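Here is target06.pdb, consisting of PDB, C-alpha atoms, pLDDT in the B column:
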MODEL        1
ATOM      1  CA  MET A1289      28.299-128.162 -63.955  1.00 49.00           C
ATOM      2  CA  ASN A1290      31.329-126.806 -62.010  1.00 51.00           C
ATOM      3  CA  LYS A1291      32.208-123.108 -62.451  1.00 50.00           C
ATOM      4  CA  LYS A1292      35.876-122.336 -63.067  1.00 51.00           C
ATOM      5  CA  LYS A1293      37.588-119.614 -61.002  1.00 51.00           C
ATOM      6  CA  ASN A1294      39.147-116.694 -62.787  1.00 54.00           C
ATOM      7  CA  GLN A1295      42.850-116.665 -62.202  1.00 54.00           C
ATOM      8  CA  ASN A1296      42.974-112.852 -62.178  1.00 53.00           C
ATOM      9  CA  ALA A1297      40.517-112.729 -59.234  1.00 52.00           C
ATOM     10  CA  ASN A1298      42.455-115.277 -57.119  1.00 56.00           C
ATOM     11  CA  LEU A1299      44.147-113.298 -54.212  1.00 57.00           C
ATOM     12  CA  GLU A1300      45.729-116.228 -52.424  1.00 63.00           C
ATOM     13  CA  SER A1301      48.821-116.028 -54.580  1.00 64.00           C
ATOM     14  CA  ARG A1302      49.289-112.289 -53.655  1.00 67.00           C
ATOM     15  CA  LYS A1303      49.228-112.586 -49.820  1.00 67.00           C
ATOM     16  CA  PRO A1304      53.040-112.553 -49.421  1.00 68.00           C
ATOM     17  CA  THR A1305      53.298-109.334 -51.392  1.00 71.00           C
ATOM     18  CA  PHE A1306      50.662-107.531 -49.250  1.00 70.00           C
ATOM     19  CA  LEU A1307      52.296-108.758 -46.031  1.00 74.00           C
ATOM     20  CA  LEU A1308      55.689-107.426 -47.070  1.00 73.00           C
ATOM     21  CA  MET A1309      54.265-104.034 -47.990  1.00 77.00           C
ATOM     22  CA  GLY A1310      52.520-103.773 -44.602  1.00 74.00           C
ATOM     23  CA  LEU A1311      55.724-104.541 -42.731  1.00 75.00           C
ATOM     24  CA  ILE A1312      57.661-101.931 -44.689  1.00 78.00           C
ATOM     25  CA  THR A1313      54.975 -99.288 -43.955  1.00 77.00           C
ATOM     26  CA  ALA A1314      54.935-100.097 -40.234  1.00 73.00           C
ATOM     27  CA  ALA A1315      58.715 -99.892 -40.029  1.00 73.00           C
ATOM     28  CA  SER A1316      58.765 -96.524 -41.769  1.00 72.00           C
ATOM     29  CA  ILE A1317      56.191 -95.075 -39.321  1.00 75.00           C
ATOM     30  CA  SER A1318      58.175 -96.375 -36.321  1.00 69.00           C
ATOM     31  CA  LEU A1319      61.426 -94.790 -37.545  1.00 68.00           C
ATOM     32  CA  ALA A1320      59.723 -91.453 -38.137  1.00 64.00           C
ATOM     33  CA  ALA A1321      58.304 -91.468 -34.612  1.00 62.00           C
ATOM     34  CA  MET A1322      61.706 -92.214 -33.085  1.00 63.00           C
ATOM     35  CA  GLU A1323      63.283 -89.389 -35.050  1.00 57.00           C
ATOM     36  CA  LEU A1324      60.734 -86.890 -33.704  1.00 53.00           C
ATOM     37  CA  VAL A1325      61.271 -88.015 -30.124  1.00 47.00           C
ATOM     38  CA  SER A1326      65.047 -87.679 -30.460  1.00 46.00           C
ATOM     39  CA  ILE A1327      64.739 -84.102 -31.816  1.00 44.00           C
ATOM     40  CA  ASP A1328      62.429 -82.966 -28.970  1.00 45.00           C
ATOM     41  CA  LYS A1329      64.815 -84.315 -26.332  1.00 44.00           C
ATOM     42  CA  GLN A1330      67.836 -82.374 -27.597  1.00 45.00           C
ATOM     43  CA  PRO A1331      68.905 -79.598 -25.128  1.00 44.00           C
ATOM     44  CA  TYR A1332      68.556 -75.942 -26.059  1.00 43.00           C
ATOM     45  CA  VAL A1333      71.908 -74.507 -27.080  1.00 41.00           C
ATOM     46  CA  GLU A1334      72.654 -70.877 -27.936  1.00 46.00           C
ATOM     47  CA  LEU A1335      75.850 -69.832 -29.693  1.00 41.00           C
ATOM     48  CA  SER A1336      77.846 -66.910 -28.377  1.00 43.00           C
ATOM     49  CA  GLU A1337      79.559 -64.280 -30.479  1.00 44.00           C
ATOM     50  CA  ASN A1338      82.671 -66.534 -30.831  1.00 46.00           C
ATOM     51  CA  GLY A1339      80.606 -69.482 -31.962  1.00 46.00           C
ATOM     52  CA  ALA A1340      81.225 -71.504 -28.763  1.00 43.00           C
ATOM     53  CA  ASN A1341      78.476 -73.020 -26.701  1.00 47.00           C
ATOM     54  CA  ALA A1342      77.127 -70.657 -24.041  1.00 43.00           C
ATOM     55  CA  LYS A1343      77.442 -72.669 -20.820  1.00 46.00           C
ATOM     56  CA  ASN A1344      76.181 -69.878 -18.563  1.00 47.00           C
ATOM     57  CA  PHE A1345      73.006 -69.135 -20.490  1.00 44.00           C
ATOM     58  CA  VAL A1346      70.613 -66.603 -18.930  1.00 47.00           C
ATOM     59  CA  PRO A1347      67.155 -66.586 -20.534  1.00 46.00           C
ATOM     60  CA  ASP A1348      65.659 -63.295 -21.623  1.00 48.00           C
ATOM     61  CA  TYR A1349      62.459 -63.867 -19.644  1.00 47.00           C
ATOM     62  CA  VAL A1350      62.648 -62.490 -16.123  1.00 50.00           C
ATOM     63  CA  PRO A1351      59.760 -63.499 -13.907  1.00 54.00           C
ATOM     64  CA  GLN A1352      57.944 -60.444 -12.466  1.00 57.00           C
ATOM     65  CA  THR A1353      57.139 -60.343  -8.818  1.00 63.00           C
ATOM     66  CA  PRO A1354      53.613 -59.156  -7.945  1.00 67.00           C
ATOM     67  CA  PRO A1355      53.403 -55.563  -6.573  1.00 70.00           C
ATOM     68  CA  PRO A1356      53.052 -55.217  -2.832  1.00 72.00           C
ATOM     69  CA  PRO A1357      49.503 -54.702  -1.595  1.00 73.00           C
ATOM     70  CA  LYS A1358      48.344 -51.111  -1.048  1.00 71.00           C
ATOM     71  CA  PRO A1359      48.327 -50.073   2.594  1.00 71.00           C
ATOM     72  CA  GLU A1360      44.895 -49.624   4.068  1.00 72.00           C
ATOM     73  CA  PRO A1361      43.962 -45.980   4.843  1.00 70.00           C
ATOM     74  CA  ILE A1362      44.369 -44.974   8.425  1.00 71.00           C
ATOM     75  CA  ILE A1363      41.119 -43.667   9.842  1.00 71.00           C
ATOM     76  CA  PRO A1364      41.633 -41.467  12.895  1.00 64.00           C
ATOM     77  CA  PRO A1365      39.549 -42.411  15.870  1.00 67.00           C
ATOM     78  CA  GLU A1366      36.468 -40.352  16.602  1.00 64.00           C
ATOM     79  CA  VAL A1367      36.938 -37.808  19.362  1.00 58.00           C
ATOM     80  CA  ASP A1368      34.020 -36.226  21.149  1.00 61.00           C
ATOM     81  CA  VAL A1369      34.477 -32.441  21.218  1.00 54.00           C
ATOM     82  CA  PRO A1370      32.761 -30.916  24.216  1.00 57.00           C
ATOM     83  CA  LEU A1371      30.308 -28.144  23.318  1.00 56.00           C
ATOM     84  CA  ASP A1372      30.464 -24.794  25.049  1.00 58.00           C
ATOM     85  CA  PRO A1373      27.715 -24.427  27.628  1.00 55.00           C
ATOM     86  CA  PRO A1374      25.036 -21.844  26.820  1.00 56.00           C
ATOM     87  CA  ALA A1375      25.838 -18.367  28.003  1.00 56.00           C
ATOM     88  CA  THR A1376      24.062 -17.293  31.096  1.00 58.00           C
ATOM     89  CA  ASP A1377      22.321 -13.972  31.628  1.00 56.00           C
ATOM     90  CA  THR A1378      25.306 -12.804  33.690  1.00 57.00           C
ATOM     91  CA  GLU A1379      27.734 -13.441  30.846  1.00 56.00           C
ATOM     92  CA  GLU A1380      25.499 -11.622  28.386  1.00 56.00           C
ATOM     93  CA  ALA A1381      25.386  -8.667  30.764  1.00 50.00           C
ATOM     94  CA  ASP A1382      29.187  -8.673  30.992  1.00 55.00           C
ATOM     95  CA  LYS A1383      29.399  -8.459  27.211  1.00 57.00           C
ATOM     96  CA  ASP A1384      26.979  -5.545  27.173  1.00 55.00           C
ATOM     97  CA  GLU A1385      29.219  -3.660  29.600  1.00 53.00           C
ATOM     98  CA  ASP A1386      32.035  -3.759  27.043  1.00 52.00           C
ATOM     99  CA  VAL A1387      29.953  -1.633  24.660  1.00 49.00           C
ATOM    100  CA  ASP A1388      30.329   2.096  24.917  1.00 53.00           C
ATOM    101  CA  LYS A1389      27.382   3.221  26.969  1.00 54.00           C
ATOM    102  CA  ASN A1390      27.491   6.717  25.467  1.00 57.00           C
ATOM    103  CA  LYS A1391      27.075   5.410  21.923  1.00 58.00           C
ATOM    104  CA  VAL A1392      23.521   5.310  20.632  1.00 57.00           C
ATOM    105  CA  ILE A1393      22.815   2.788  17.901  1.00 61.00           C
ATOM    106  CA  ILE A1394      20.051   3.871  15.551  1.00 60.00           C
ATOM    107  CA  PRO A1395      18.500   1.038  13.560  1.00 59.00           C
ATOM    108  CA  ASP A1396      18.642   1.462   9.802  1.00 63.00           C
ATOM    109  CA  ILE A1397      14.927   1.696   9.120  1.00 65.00           C
ATOM    110  CA  PRO A1398      13.878   3.377   5.871  1.00 65.00           C
ATOM    111  CA  PHE A1399      11.669   6.379   6.413  1.00 63.00           C
ATOM    112  CA  THR A1400       8.327   6.209   4.709  1.00 67.00           C
ATOM    113  CA  PRO A1401       6.458   9.506   4.676  1.00 66.00           C
ATOM    114  CA  PRO A1402       2.852   9.211   5.756  1.00 65.00           C
ATOM    115  CA  VAL A1403       0.290   9.290   3.002  1.00 62.00           C
ATOM    116  CA  PHE A1404      -2.753  11.285   3.878  1.00 62.00           C
ATOM    117  CA  GLY A1405      -5.957  10.611   2.094  1.00 60.00           C
ATOM    118  CA  LYS A1406      -7.071  13.188  -0.392  1.00 58.00           C
ATOM    119  CA  THR A1407     -10.094  15.051   0.762  1.00 59.00           C
ATOM    120  CA  GLU A1408     -12.505  14.967  -2.078  1.00 61.00           C
ATOM    121  CA  LYS A1409     -14.340  18.188  -2.461  1.00 65.00           C
ATOM    122  CA  LYS A1410     -18.038  17.654  -2.549  1.00 74.00           C
ATOM    123  CA  GLU A1411     -19.637  19.047  -5.642  1.00 79.00           C
ATOM    124  CA  ALA A1412     -22.212  21.635  -4.784  1.00 83.00           C
ATOM    125  CA  LYS A1413     -25.765  20.575  -5.390  1.00 91.00           C
ATOM    126  CA  ILE A1414     -27.484  22.171  -8.350  1.00 94.00           C
ATOM    127  CA  TYR A1415     -31.027  23.287  -7.672  1.00 96.00           C
ATOM    128  CA  ASP A1416     -33.756  23.641 -10.233  1.00 95.00           C
ATOM    129  CA  PHE A1417     -36.184  25.368  -7.851  1.00 94.00           C
ATOM    130  CA  PRO A1418     -34.363  26.831  -4.850  1.00 95.00           C
ATOM    131  CA  SER A1419     -36.158  28.742  -2.135  1.00 94.00           C
ATOM    132  CA  GLN A1420     -34.887  31.981  -3.686  1.00 95.00           C
ATOM    133  CA  GLU A1421     -34.158  31.861  -7.430  1.00 95.00           C
ATOM    134  CA  ALA A1422     -31.238  33.589  -9.149  1.00 96.00           C
ATOM    135  CA  SER A1423     -32.191  36.816 -10.863  1.00 96.00           C
ATOM    136  CA  PHE A1424     -30.935  38.829 -13.823  1.00 96.00           C
ATOM    137  CA  ASP A1425     -30.619  42.545 -13.364  1.00 94.00           C
ATOM    138  CA  GLY A1426     -33.848  43.881 -14.909  1.00 94.00           C
ATOM    139  CA  GLY A1427     -35.557  40.466 -14.973  1.00 94.00           C
ATOM    140  CA  ILE A1428     -36.065  37.849 -17.727  1.00 92.00           C
ATOM    141  CA  ASP A1429     -37.187  40.427 -20.277  1.00 94.00           C
ATOM    142  CA  ALA A1430     -33.929  42.328 -19.836  1.00 95.00           C
ATOM    143  CA  MET A1431     -32.027  39.075 -20.318  1.00 95.00           C
ATOM    144  CA  TYR A1432     -33.825  38.267 -23.611  1.00 94.00           C
ATOM    145  CA  GLU A1433     -33.272  41.824 -24.796  1.00 95.00           C
ATOM    146  CA  PHE A1434     -29.532  41.333 -24.170  1.00 96.00           C
ATOM    147  CA  LEU A1435     -29.544  38.032 -26.108  1.00 95.00           C
ATOM    148  CA  TYR A1436     -31.390  39.279 -29.200  1.00 92.00           C
ATOM    149  CA  LYS A1437     -29.337  42.460 -29.250  1.00 95.00           C
ATOM    150  CA  ASN A1438     -26.101  40.442 -29.484  1.00 96.00           C
ATOM    151  CA  ILE A1439     -27.191  37.484 -31.645  1.00 95.00           C
ATOM    152  CA  GLU A1440     -26.076  37.531 -35.297  1.00 94.00           C
ATOM    153  CA  TYR A1441     -28.174  35.281 -37.497  1.00 95.00           C
ATOM    154  CA  PRO A1442     -25.756  32.761 -39.041  1.00 95.00           C
ATOM    155  CA  LYS A1443     -25.321  33.227 -42.797  1.00 94.00           C
ATOM    156  CA  MET A1444     -25.472  29.497 -43.407  1.00 95.00           C
ATOM    157  CA  ALA A1445     -28.832  29.237 -41.618  1.00 94.00           C
ATOM    158  CA  LYS A1446     -30.131  32.214 -43.622  1.00 93.00           C
ATOM    159  CA  ALA A1447     -29.038  30.697 -46.921  1.00 94.00           C
ATOM    160  CA  ALA A1448     -30.643  27.361 -46.017  1.00 94.00           C
ATOM    161  CA  GLY A1449     -33.772  29.002 -44.616  1.00 94.00           C
ATOM    162  CA  ILE A1450     -33.278  27.437 -41.165  1.00 95.00           C
ATOM    163  CA  GLN A1451     -35.274  28.949 -38.331  1.00 94.00           C
ATOM    164  CA  GLY A1452     -36.963  27.833 -35.084  1.00 95.00           C
ATOM    165  CA  LYS A1453     -36.255  27.522 -31.341  1.00 95.00           C
ATOM    166  CA  ILE A1454     -32.942  26.444 -29.821  1.00 96.00           C
ATOM    167  CA  PHE A1455     -33.246  25.301 -26.202  1.00 97.00           C
ATOM    168  CA  VAL A1456     -30.261  26.280 -24.129  1.00 97.00           C
ATOM    169  CA  GLU A1457     -29.232  25.138 -20.637  1.00 97.00           C
ATOM    170  CA  PHE A1458     -26.793  26.889 -18.302  1.00 97.00           C
ATOM    171  CA  ILE A1459     -25.820  27.131 -14.606  1.00 97.00           C
ATOM    172  CA  VAL A1460     -25.717  30.280 -12.465  1.00 97.00           C
ATOM    173  CA  ASP A1461     -23.183  29.467  -9.706  1.00 96.00           C
ATOM    174  CA  GLU A1462     -22.843  30.758  -6.134  1.00 96.00           C
ATOM    175  CA  GLU A1463     -21.083  33.874  -7.434  1.00 95.00           C
ATOM    176  CA  GLY A1464     -23.734  34.621 -10.076  1.00 96.00           C
ATOM    177  CA  LYS A1465     -21.493  33.595 -13.022  1.00 96.00           C
ATOM    178  CA  VAL A1466     -22.948  31.775 -16.043  1.00 97.00           C
ATOM    179  CA  SER A1467     -21.220  28.423 -16.788  1.00 96.00           C
ATOM    180  CA  GLU A1468     -21.732  24.969 -18.356  1.00 96.00           C
ATOM    181  CA  VAL A1469     -23.649  26.318 -21.334  1.00 97.00           C
ATOM    182  CA  LYS A1470     -25.021  23.764 -23.822  1.00 97.00           C
ATOM    183  CA  THR A1471     -27.875  23.340 -26.269  1.00 96.00           C
ATOM    184  CA  LEU A1472     -30.518  20.631 -25.906  1.00 96.00           C
ATOM    185  CA  ASN A1473     -31.580  20.312 -29.565  1.00 95.00           C
ATOM    186  CA  GLU A1474     -30.185  20.849 -33.037  1.00 93.00           C
ATOM    187  CA  LYS A1475     -31.350  22.853 -36.018  1.00 93.00           C
ATOM    188  CA  GLY A1476     -28.110  23.184 -37.921  1.00 93.00           C
ATOM    189  CA  GLY A1477     -26.783  26.069 -39.936  1.00 94.00           C
ATOM    190  CA  GLY A1478     -24.740  27.364 -36.961  1.00 95.00           C
ATOM    191  CA  LEU A1479     -27.728  28.243 -34.739  1.00 96.00           C
ATOM    192  CA  GLU A1480     -26.449  26.116 -31.784  1.00 96.00           C
ATOM    193  CA  GLU A1481     -22.948  27.647 -31.837  1.00 96.00           C
ATOM    194  CA  GLU A1482     -24.331  31.201 -32.014  1.00 96.00           C
ATOM    195  CA  THR A1483     -26.692  30.570 -29.079  1.00 96.00           C
ATOM    196  CA  ILE A1484     -23.906  29.249 -26.864  1.00 97.00           C
ATOM    197  CA  ARG A1485     -21.657  32.181 -27.780  1.00 96.00           C
ATOM    198  CA  VAL A1486     -24.181  34.825 -26.796  1.00 96.00           C
ATOM    199  CA  VAL A1487     -25.366  33.107 -23.548  1.00 97.00           C
ATOM    200  CA  LYS A1488     -21.762  32.980 -22.346  1.00 96.00           C
ATOM    201  CA  MET A1489     -21.686  36.781 -22.782  1.00 96.00           C
ATOM    202  CA  LEU A1490     -24.418  37.305 -20.162  1.00 96.00           C
ATOM    203  CA  PRO A1491     -23.330  39.509 -17.251  1.00 96.00           C
ATOM    204  CA  ASN A1492     -23.382  38.185 -13.673  1.00 96.00           C
ATOM    205  CA  TRP A1493     -26.659  37.336 -12.001  1.00 97.00           C
ATOM    206  CA  THR A1494     -27.708  37.582  -8.384  1.00 96.00           C
ATOM    207  CA  PRO A1495     -27.097  34.006  -7.146  1.00 96.00           C
ATOM    208  CA  ALA A1496     -29.836  31.754  -5.804  1.00 96.00           C
ATOM    209  CA  GLU A1497     -30.206  30.888  -2.125  1.00 96.00           C
ATOM    210  CA  GLN A1498     -31.361  27.817  -0.245  1.00 95.00           C
ATOM    211  CA  ALA A1499     -32.012  28.231   3.487  1.00 93.00           C
ATOM    212  CA  GLY A1500     -29.967  31.421   3.481  1.00 92.00           C
ATOM    213  CA  VAL A1501     -26.974  29.824   1.695  1.00 95.00           C
ATOM    214  CA  LYS A1502     -25.958  30.759  -1.840  1.00 96.00           C
ATOM    215  CA  VAL A1503     -26.332  27.790  -4.205  1.00 96.00           C
ATOM    216  CA  LYS A1504     -26.199  26.884  -7.873  1.00 96.00           C
ATOM    217  CA  GLN A1505     -29.277  26.990 -10.044  1.00 97.00           C
ATOM    218  CA  ARG A1506     -29.966  25.414 -13.427  1.00 97.00           C
ATOM    219  CA  PHE A1507     -31.816  27.324 -16.187  1.00 96.00           C
ATOM    220  CA  ARG A1508     -33.377  26.044 -19.426  1.00 96.00           C
ATOM    221  CA  LEU A1509     -34.612  28.706 -21.848  1.00 94.00           C
ATOM    222  CA  PRO A1510     -35.659  28.807 -25.506  1.00 95.00           C
ATOM    223  CA  VAL A1511     -34.009  31.169 -27.995  1.00 95.00           C
ATOM    224  CA  LYS A1512     -36.150  31.793 -31.089  1.00 94.00           C
ATOM    225  CA  TYR A1513     -34.716  32.378 -34.578  1.00 95.00           C
ATOM    226  CA  VAL A1514     -37.091  33.846 -37.166  1.00 93.00           C
ATOM    227  CA  LEU A1515     -36.301  34.909 -40.740  1.00 90.00           C
ATOM    228  CA  GLU A1516     -37.994  38.133 -41.974  1.00 80.00           C
TER     229      GLU A1516
ENDMDL
END
Would you kindly transcribe this structure into structure tokens?
Amino acid sequence: MNKKKNQNANLESRKPTFLLMGLITAASISLAAMELVSIDKQPYVELSENGANAKNFVPDYVPQTPPPPKPEPIIPPEVDVPLDPPATDTEEADKDEDVDKNKVIIPDIPFTPPVFGKTEKKEAKIYDFPSQEASFDGGIDAMYEFLYKNIEYPKMAKAAGIQGKIFVEFIVDEEGKVSEVKTLNEKGGGLEEETIRVVKMLPNWTPAEQAGVKVKQRFRLPVKYVLE
């Protein structure tokens, strides 16, 4: 069974129409290209103030010439400067002759006074048992009589009923004076202070001697306080 072609799908009858349309399109493109070429080839023309063509046209762009190169710095040649020869002893002596011989130059040296060492005085030795002991005028009994005659029993110690022995220490120096008095124990009530006060009142002693030289001697004695 033979199939029949559709007349609407048959393109053979339309070939002349397509060919004519292609020619027209090609011609249009060619004309447009020629028109563009003719416009680009037209010379540049500038109108003057009067509207006439400017024959002597000078373009605004002026080519710039490159700046000249900078001159190289001139370096002076090295020159060897001769050094002065060292002065001889004769030349130094000639210079010394120019100085006034009568002028005496004193160097500026700060004066520092000499410092002498301090001589430390040796403390005299204190003897407990010298060859010849210090003595009170009238002996030890006379000394105790002087103490008890001058002691005033402290009121505070009386009120508190404080009594007993206060041991006192003192030094008889080379001149027989009593010094460095202190107590060696405490009872309170003012007994220590009263003992020191009265011992300091002792008159001068005859100083002690060691090998014929007067020396210091240390004494330790008890002072007894008794309430009646």
Spell out the residues picked by the PyMOL selection byres ((chain A and resi 1515) around 12) here, as a PDB file with C-alpha atoms, in the frame of the given file.
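Final output, part-v2.pdb:
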ATOM      1  CA  GLU A1440     -26.076  37.531 -35.297  1.00 94.00           C
ATOM      2  CA  TYR A1441     -28.174  35.281 -37.497  1.00 95.00           C
ATOM      3  CA  PRO A1442     -25.756  32.761 -39.041  1.00 95.00           C
ATOM      4  CA  LYS A1443     -25.321  33.227 -42.797  1.00 94.00           C
ATOM      5  CA  ALA A1445     -28.832  29.237 -41.618  1.00 94.00           C
ATOM      6  CA  LYS A1446     -30.131  32.214 -43.622  1.00 93.00           C
ATOM      7  CA  ALA A1447     -29.038  30.697 -46.921  1.00 94.00           C
ATOM      8  CA  ALA A1448     -30.643  27.361 -46.017  1.00 94.00           C
ATOM      9  CA  GLY A1449     -33.772  29.002 -44.616  1.00 94.00           C
ATOM     10  CA  ILE A1450     -33.278  27.437 -41.165  1.00 95.00           C
ATOM     11  CA  GLN A1451     -35.274  28.949 -38.331  1.00 94.00           C
ATOM     12  CA  GLY A1452     -36.963  27.833 -35.084  1.00 95.00           C
ATOM     13  CA  LYS A1453     -36.255  27.522 -31.341  1.00 95.00           C
ATOM     14  CA  LYS A1512     -36.150  31.793 -31.089  1.00 94.00           C
ATOM     15  CA  TYR A1513     -34.716  32.378 -34.578  1.00 95.00           C
ATOM     16  CA  VAL A1514     -37.091  33.846 -37.166  1.00 93.00           C
ATOM     17  CA  GLU A1516     -37.994  38.133 -41.974  1.00 80.00           C
TER      18      GLU A1516
END
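In this structure, atom CA of A:Gly1500 sits 28.8 Å away from atom CA of A:Lys1470.
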Neighbours of point (-23.1, 31.7, -21.9) within 10 Å, using only C-alpha atoms, written as a list in words: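 Checked against the point, the hits come out as Leu1435, Val1456, Glu1457, Phe1458, Ile1459, Val1460, Lys1465, Val1466, Ser1467, Glu1468, Val1469, Lys1470, Thr1483, Ile1484, Arg1485, Val1486, Val1487, Lys1488, Met1489, Leu1490 and Pro1491 of chain A.
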Serialized selection, C-alpha atoms, as a PDB file, in the coordinates of the input:
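Dumped to part_27.pdb:
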ATOM      1  CA  LEU A1435     -29.544  38.032 -26.108  1.00 95.00           C
ATOM      2  CA  VAL A1456     -30.261  26.280 -24.129  1.00 97.00           C
ATOM      3  CA  GLU A1457     -29.232  25.138 -20.637  1.00 97.00           C
ATOM      4  CA  PHE A1458     -26.793  26.889 -18.302  1.00 97.00           C
ATOM      5  CA  ILE A1459     -25.820  27.131 -14.606  1.00 97.00           C
ATOM      6  CA  VAL A1460     -25.717  30.280 -12.465  1.00 97.00           C
ATOM      7  CA  LYS A1465     -21.493  33.595 -13.022  1.00 96.00           C
ATOM      8  CA  VAL A1466     -22.948  31.775 -16.043  1.00 97.00           C
ATOM      9  CA  SER A1467     -21.220  28.423 -16.788  1.00 96.00           C
ATOM     10  CA  GLU A1468     -21.732  24.969 -18.356  1.00 96.00           C
ATOM     11  CA  VAL A1469     -23.649  26.318 -21.334  1.00 97.00           C
ATOM     12  CA  LYS A1470     -25.021  23.764 -23.822  1.00 97.00           C
ATOM     13  CA  THR A1483     -26.692  30.570 -29.079  1.00 96.00           C
ATOM     14  CA  ILE A1484     -23.906  29.249 -26.864  1.00 97.00           C
ATOM     15  CA  ARG A1485     -21.657  32.181 -27.780  1.00 96.00           C
ATOM     16  CA  VAL A1486     -24.181  34.825 -26.796  1.00 96.00           C
ATOM     17  CA  VAL A1487     -25.366  33.107 -23.548  1.00 97.00           C
ATOM     18  CA  LYS A1488     -21.762  32.980 -22.346  1.00 96.00           C
ATOM     19  CA  MET A1489     -21.686  36.781 -22.782  1.00 96.00           C
ATOM     20  CA  LEU A1490     -24.418  37.305 -20.162  1.00 96.00           C
ATOM     21  CA  PRO A1491     -23.330  39.509 -17.251  1.00 96.00           C
TER      22      PRO A1491
END
Rounded to one decimal place, report the atom CA of A:Lys1504-atom CA of A:Glu1482 distance in Å.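 Going from atom CA of A:Lys1504 over to atom CA of A:Glu1482, I get 24.6 Å.
Taking atom CA of A:Glu1497 and atom CA of A:Gln1420 as the two end points, the separation is 5.1 Å.
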Evaluate the PyMOL selection byres ((chain A and resi 1416) around 9) and record the selected residues as a PyMOL selection string, following the chain and residue labels used in the document. chain A and resi 1414-1415+1417-1418+1421+1504-1507
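When only C-alpha atoms are used to measure the gap to A:Ile1439, the shortest distance among A:Asn1492, A:Glu1463, A:Lys1413, A:Val1511 belongs to A:Val1511.
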Would you fill the gaps in stretch 1497-1512 of chain A so it has N, CA and C atoms, then print it as a PDB file, in the coordinates of the input?
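Output saved as rebuild.pdb:
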ATOM      1  N   GLU A1497     -30.449  31.229  -3.517  1.00 96.00           N
ATOM      2  CA  GLU A1497     -30.206  30.888  -2.125  1.00 96.00           C
ATOM      3  C   GLU A1497     -31.129  29.748  -1.706  1.00 96.00           C
ATOM      4  N   GLN A1498     -30.564  28.905  -0.818  1.00 95.00           N
ATOM      5  CA  GLN A1498     -31.361  27.817  -0.245  1.00 95.00           C
ATOM      6  C   GLN A1498     -31.100  27.822   1.255  1.00 95.00           C
ATOM      7  N   ALA A1499     -32.121  28.129   2.024  1.00 93.00           N
ATOM      8  CA  ALA A1499     -32.012  28.231   3.487  1.00 93.00           C
ATOM      9  C   ALA A1499     -30.958  29.253   3.878  1.00 93.00           C
ATOM     10  N   GLY A1500     -30.899  30.360   3.162  1.00 92.00           N
ATOM     11  CA  GLY A1500     -29.967  31.421   3.481  1.00 92.00           C
ATOM     12  C   GLY A1500     -28.560  31.203   2.981  1.00 92.00           C
ATOM     13  N   VAL A1501     -28.317  30.133   2.231  1.00 95.00           N
ATOM     14  CA  VAL A1501     -26.974  29.824   1.695  1.00 95.00           C
ATOM     15  C   VAL A1501     -27.025  29.942   0.184  1.00 95.00           C
ATOM     16  N   LYS A1502     -26.013  30.604  -0.393  1.00 96.00           N
ATOM     17  CA  LYS A1502     -25.958  30.759  -1.840  1.00 96.00           C
ATOM     18  C   LYS A1502     -25.688  29.399  -2.501  1.00 96.00           C
ATOM     19  N   VAL A1503     -26.440  29.093  -3.531  1.00 96.00           N
ATOM     20  CA  VAL A1503     -26.332  27.790  -4.205  1.00 96.00           C
ATOM     21  C   VAL A1503     -26.365  27.985  -5.714  1.00 96.00           C
ATOM     22  N   LYS A1504     -26.125  26.867  -6.409  1.00 96.00           N
ATOM     23  CA  LYS A1504     -26.199  26.884  -7.873  1.00 96.00           C
ATOM     24  C   LYS A1504     -27.626  26.623  -8.318  1.00 96.00           C
ATOM     25  N   GLN A1505     -27.956  27.222  -9.475  1.00 97.00           N
ATOM     26  CA  GLN A1505     -29.277  26.990 -10.044  1.00 97.00           C
ATOM     27  C   GLN A1505     -29.142  26.728 -11.532  1.00 97.00           C
ATOM     28  N   ARG A1506     -29.961  25.775 -12.016  1.00 97.00           N
ATOM     29  CA  ARG A1506     -29.966  25.414 -13.427  1.00 97.00           C
ATOM     30  C   ARG A1506     -31.121  26.135 -14.127  1.00 97.00           C
ATOM     31  N   PHE A1507     -30.799  26.658 -15.367  1.00 96.00           N
ATOM     32  CA  PHE A1507     -31.816  27.324 -16.187  1.00 96.00           C
ATOM     33  C   PHE A1507     -31.908  26.648 -17.554  1.00 96.00           C
ATOM     34  N   ARG A1508     -33.126  26.526 -18.056  1.00 96.00           N
ATOM     35  CA  ARG A1508     -33.377  26.044 -19.426  1.00 96.00           C
ATOM     36  C   ARG A1508     -34.324  27.057 -20.088  1.00 96.00           C
ATOM     37  N   LEU A1509     -33.844  27.648 -21.187  1.00 94.00           N
ATOM     38  CA  LEU A1509     -34.612  28.706 -21.848  1.00 94.00           C
ATOM     39  C   LEU A1509     -34.599  28.494 -23.359  1.00 94.00           C
ATOM     40  N   PRO A1510     -35.660  28.874 -24.056  1.00 95.00           N
ATOM     41  CA  PRO A1510     -35.659  28.807 -25.506  1.00 95.00           C
ATOM     42  C   PRO A1510     -35.165  30.114 -26.117  1.00 95.00           C
ATOM     43  N   VAL A1511     -34.437  30.010 -27.210  1.00 95.00           N
ATOM     44  CA  VAL A1511     -34.009  31.169 -27.995  1.00 95.00           C
ATOM     45  C   VAL A1511     -34.587  30.978 -29.399  1.00 95.00           C
ATOM     46  N   LYS A1512     -35.412  31.930 -29.820  1.00 94.00           N
ATOM     47  CA  LYS A1512     -36.150  31.793 -31.089  1.00 94.00           C
ATOM     48  C   LYS A1512     -35.459  32.520 -32.220  1.00 94.00           C
TER      49      LYS A1512
END
